[in-house]
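Structure data follow from start29.txt (compact mmCIF, C-alpha atoms):
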```txt
# COMPACT_ATOMS: atom_id res chain seq x y z
CA MET A 565 102.80 69.36 105.74
CA ARG A 566 104.74 71.95 107.74
CA PRO A 567 102.61 74.05 110.14
CA SER A 568 102.48 77.79 109.63
CA TRP A 569 105.31 79.78 111.21
CA ASP A 570 102.76 81.60 113.36
CA LYS A 571 101.52 78.31 114.80
CA TYR A 572 105.08 77.06 115.24
CA PHE A 573 106.20 80.11 117.23
CA MET A 574 102.94 80.23 119.22
CA ASP A 575 103.54 76.60 120.16
CA ILE A 576 106.95 77.65 121.48
CA ALA A 577 105.38 80.52 123.46
CA THR A 578 102.90 77.99 124.89
CA LEU A 579 105.73 75.67 125.90
CA VAL A 580 107.58 78.59 127.53
CA ALA A 581 104.36 79.47 129.44
CA SER A 582 104.54 76.07 131.12
CA ARG A 583 107.51 77.40 133.13
CA SER A 584 105.33 80.14 134.65
CA THR A 585 105.08 80.27 138.43
CA CYS A 586 101.91 82.41 138.40
CA LEU A 587 98.90 80.87 140.11
CA ARG A 588 96.32 82.82 138.10
CA ARG A 589 97.42 82.67 134.47
CA LYS A 590 100.36 81.05 132.70
CA VAL A 591 101.62 83.28 129.89
CA GLY A 592 104.51 82.78 127.49
CA ALA A 593 106.20 85.01 124.93
CA CYS A 594 108.58 84.27 122.07
CA VAL A 595 110.32 87.10 120.17
CA VAL A 596 111.36 86.29 116.62
CA ARG A 597 113.05 88.04 113.69
CA ASP A 598 113.64 86.38 110.33
CA ARG A 599 112.30 83.09 111.73
CA ARG A 600 115.00 83.07 114.43
CA ILE A 601 114.14 83.10 118.12
CA LEU A 602 115.72 86.12 119.81
CA SER A 603 114.26 85.80 123.29
CA THR A 604 111.56 84.11 125.33
CA GLY A 605 109.82 84.93 128.59
CA TYR A 606 107.16 83.67 130.95
CA ASN A 607 105.36 85.35 133.83
CA GLY A 608 106.85 84.93 137.28
CA ALA A 609 108.77 86.59 140.08
CA PRO A 610 112.14 88.25 139.37
CA SER A 611 115.30 86.13 139.71
CA GLY A 612 116.11 85.36 143.32
CA ILE A 613 112.65 86.33 144.60
CA THR A 614 110.26 83.76 146.12
CA HIS A 615 107.66 82.68 143.60
CA CYS A 616 103.90 82.94 144.10
CA GLU A 617 103.54 79.17 143.75
CA ASP A 618 105.63 78.95 146.95
CA ILE A 619 104.02 81.72 149.04
CA GLY A 620 100.64 82.35 147.45
CA CYS A 621 99.21 85.10 145.28
CA LEU A 622 98.99 88.63 146.66
CA ARG A 623 96.38 89.56 144.02
CA GLU A 624 94.17 86.63 145.07
CA ARG A 625 94.45 87.58 148.75
CA LEU A 626 93.46 91.18 147.91
CA LYS A 627 90.76 90.02 145.45
CA VAL A 628 92.17 92.16 142.61
CA PRO A 629 90.27 91.53 139.34
CA SER A 630 92.16 90.41 136.24
CA GLY A 631 93.49 93.33 134.20
CA GLU A 632 93.62 95.76 137.14
CA ARG A 633 96.30 97.00 139.56
CA HIS A 634 99.28 95.29 137.89
CA GLU A 635 101.59 96.86 140.46
CA LEU A 636 100.10 94.53 143.09
CA CYS A 637 101.91 91.47 141.81
CA ARG A 638 105.25 89.85 142.65
CA GLY A 639 105.72 88.73 139.07
CA LEU A 640 106.79 90.21 135.79
CA HIS A 641 104.75 89.56 132.67
CA ALA A 642 106.03 87.23 129.95
CA GLU A 643 106.54 90.12 127.52
CA GLN A 644 108.51 92.07 130.13
CA ASN A 645 110.76 89.08 130.82
CA ALA A 646 111.34 88.49 127.09
CA ILE A 647 112.29 92.14 126.53
CA ILE A 648 114.50 92.22 129.64
CA GLN A 649 116.21 88.97 128.66
CA ALA A 650 117.03 90.38 125.21
CA ALA A 651 118.48 93.53 126.80
CA LYS A 652 120.48 91.47 129.29
CA ILE A 653 122.18 89.46 126.54
CA GLY A 654 122.51 92.45 124.17
CA VAL A 655 120.01 91.47 121.48
CA SER A 656 118.07 94.17 119.65
CA LEU A 657 114.36 93.54 119.15
CA GLU A 658 114.07 96.13 116.38
CA ASN A 659 111.59 94.95 113.70
CA ALA A 660 110.88 91.69 115.55
CA VAL A 661 107.59 89.86 116.05
CA ILE A 662 106.42 88.85 119.53
CA TYR A 663 104.21 85.79 119.91
CA ILE A 664 102.28 85.89 123.19
CA THR A 665 99.76 83.43 124.57
CA ASN A 666 97.64 86.41 125.78
CA HIS A 667 97.07 89.93 124.47
CA PRO A 668 99.46 92.33 126.24
CA CYS A 669 98.37 94.64 129.05
CA PHE A 670 98.85 98.42 128.90
CA ILE A 671 102.24 98.33 130.64
CA CYS A 672 103.55 95.62 128.33
CA ALA A 673 102.15 97.41 125.28
CA LYS A 674 104.27 100.46 126.16
CA MET A 675 107.35 98.27 126.55
CA ILE A 676 106.67 96.52 123.24
CA ILE A 677 106.32 99.88 121.50
CA ASN A 678 109.62 101.22 122.87
CA SER A 679 111.51 97.97 122.25
CA GLY A 680 111.11 98.32 118.48
CA ILE A 681 108.95 95.24 118.04
CA LYS A 682 106.83 95.74 114.90
CA LYS A 683 104.20 93.03 115.26
CA VAL A 684 102.25 91.28 118.04
CA VAL A 685 100.67 87.88 117.46
CA TYR A 686 98.53 86.60 120.32
CA ARG A 687 96.26 83.62 121.00
CA ASP A 688 93.89 84.58 123.82
CA GLY A 689 92.23 87.88 124.73
CA TYR A 690 92.86 90.08 127.74
CA PRO A 691 90.60 92.82 129.15
CA ASP A 692 92.69 95.91 128.36
CA LYS A 693 91.23 98.30 125.77
CA GLU A 694 93.91 100.94 126.44
CA ALA A 695 96.61 98.47 125.42
CA MET A 696 94.77 97.70 122.19
CA GLU A 697 94.37 101.40 121.40
CA PHE A 698 98.02 102.21 122.24
CA LEU A 699 99.35 99.45 119.99
CA LYS A 700 97.08 100.59 117.16
CA GLU A 701 98.14 104.23 117.58
CA SER A 702 101.81 103.22 117.49
CA GLY A 703 101.40 101.46 114.15
CA ILE A 704 102.33 98.04 115.51
CA ILE A 705 100.53 95.25 113.66
CA VAL A 706 98.40 93.18 116.05
CA GLU A 707 96.99 89.81 114.98
CA LYS A 708 94.95 87.28 116.88
CA LEU A 709 95.60 83.74 115.72
CA LYS A 710 92.51 82.10 114.29
CA LYS A 711 91.25 78.96 116.04
CA SER A 712 92.21 77.01 112.91
CA ASP A 713 95.83 78.18 113.29
CA VAL A 714 96.16 77.20 116.94
```
How does the structure come out when it is put into structure tokens?
Amino acid sequence: MRPSWDKYFMDIATLVASRSTCLRRKVGACVVRDRRILSTGYNGAPSGITHCEDIGCLRERLKVPSGERHELCRGLHAEQNAIIQAAKIGVSLENAVIYITNHPCFICAKMIINSGIKKVVYRDGYPDKEAMEFLKESGIIVEKLKKSDV
């Protein structure tokens, strides 16, 4: 029996997350339209910049709690990298679905809204109520995968 498409694309996002160079949380994203992968991304430092796994985590050194002070990080989030990658190669994300291993933060929610993505499917939670409210207000469908689907 073929697994559900949601599980299939979340499995791909999970595989992409394994490339993450973040020391705190490995996150992956997979953007899909019409069952075709448009872009993927994982969290890590920008191209050409030393990765946290090589020099340590600034957020750990400063004892910044999860979900706070995103600007104090060398890395980009998985959603940001997936959106940037699509822009770099000239692929529109209009009406796409993004599969993310974690619920997006507030900054990523704003990027998702403006990218034209219509649906967010995520596996694990993230402590950012503002992001949840923003996505709801924008009309983007947000679904958490059930444990039975993961």
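Straight-line separation from CA of Arg623 (chain A) to CA of Phe698 (chain A): 25.2 Å.
The neighbours of Ile705 (chain A) here are the residues that come within 8 Å of it, using all atoms listed in the file and leaving out any residue fewer than 2 positions away in the same chain; they are Lys682, Lys683, Val684, Leu699, Lys700, Gly703 and Glu707 of chain A.
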Could you list, as a ChimeraX atom specification, every residue within 9 Å of Leu602 (chain A), counting all atoms listed in the file and ignoring same-chain residues fewer than 5 positions away? /A:594-597,646,650,655-657,660
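Computed from the coordinates, the CA of Asp618 (chain A) to CA of Ser630 (chain A) distance equals 20.7 Å.
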Nearest residue to Pro691 (chain A) from the set A:Leu587, A:Cys669, A:Ile664, A:Ile676 (distances using all atoms listed in the file): A:Cys669
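Atom pair CA of Cys621 (chain A) / CA of Lys652 (chain A): separated by 27.4 Å.
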Can you pull out every residue within 8 Å of Thr578 (chain A), counting all atoms listed in the file, but drop anything in the same chain fewer than 2 positions away, and send it as a PyMOL selection string? chain A and resi 574-576+580-582+591-593+665
Spatial neighbours of His615 (chain A), 7 Å, all atoms listed in the file, chain gap at least 5 places, as a list in words: Thr585, Gly608 and Ala609 of chain A
Just need the box for region 680-690 of chain A, edges along x, y and z, holding every atom the file lists for it with 8 Å tacked onto each side, so centre and edge lengths in Å to one decimal, as JSON.
```
{"center_x": 101.7, "center_y": 91.0, "center_z": 121.3, "size_x": 34.9, "size_y": 30.7, "size_z": 28.8}
```
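The residue that comes closest to Glu658 (chain A), out of A:Glu635, A:Ser679, A:Lys693, A:Ile704 and on the basis of only C-alpha atoms, is A:Ser679.
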Within 7 Å of Cys586 (chain A) using all atoms listed in the file, minus same-chain residues under 3 positions, as number ranges by chain: A: 589-590, 607-608, 616-617
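Considering the residues A:Gly689, A:Gly620, A:Gly680, A:Gly605 and counting only C-alpha atoms, Pro668 (chain A) has its shortest atom-to-atom contact with A:Gly689.
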Using all atoms listed in the file, which of A:Glu701, A:Trp569, A:Ala695, A:Arg583 sits nearest Arg600 (chain A)? A:Trp569
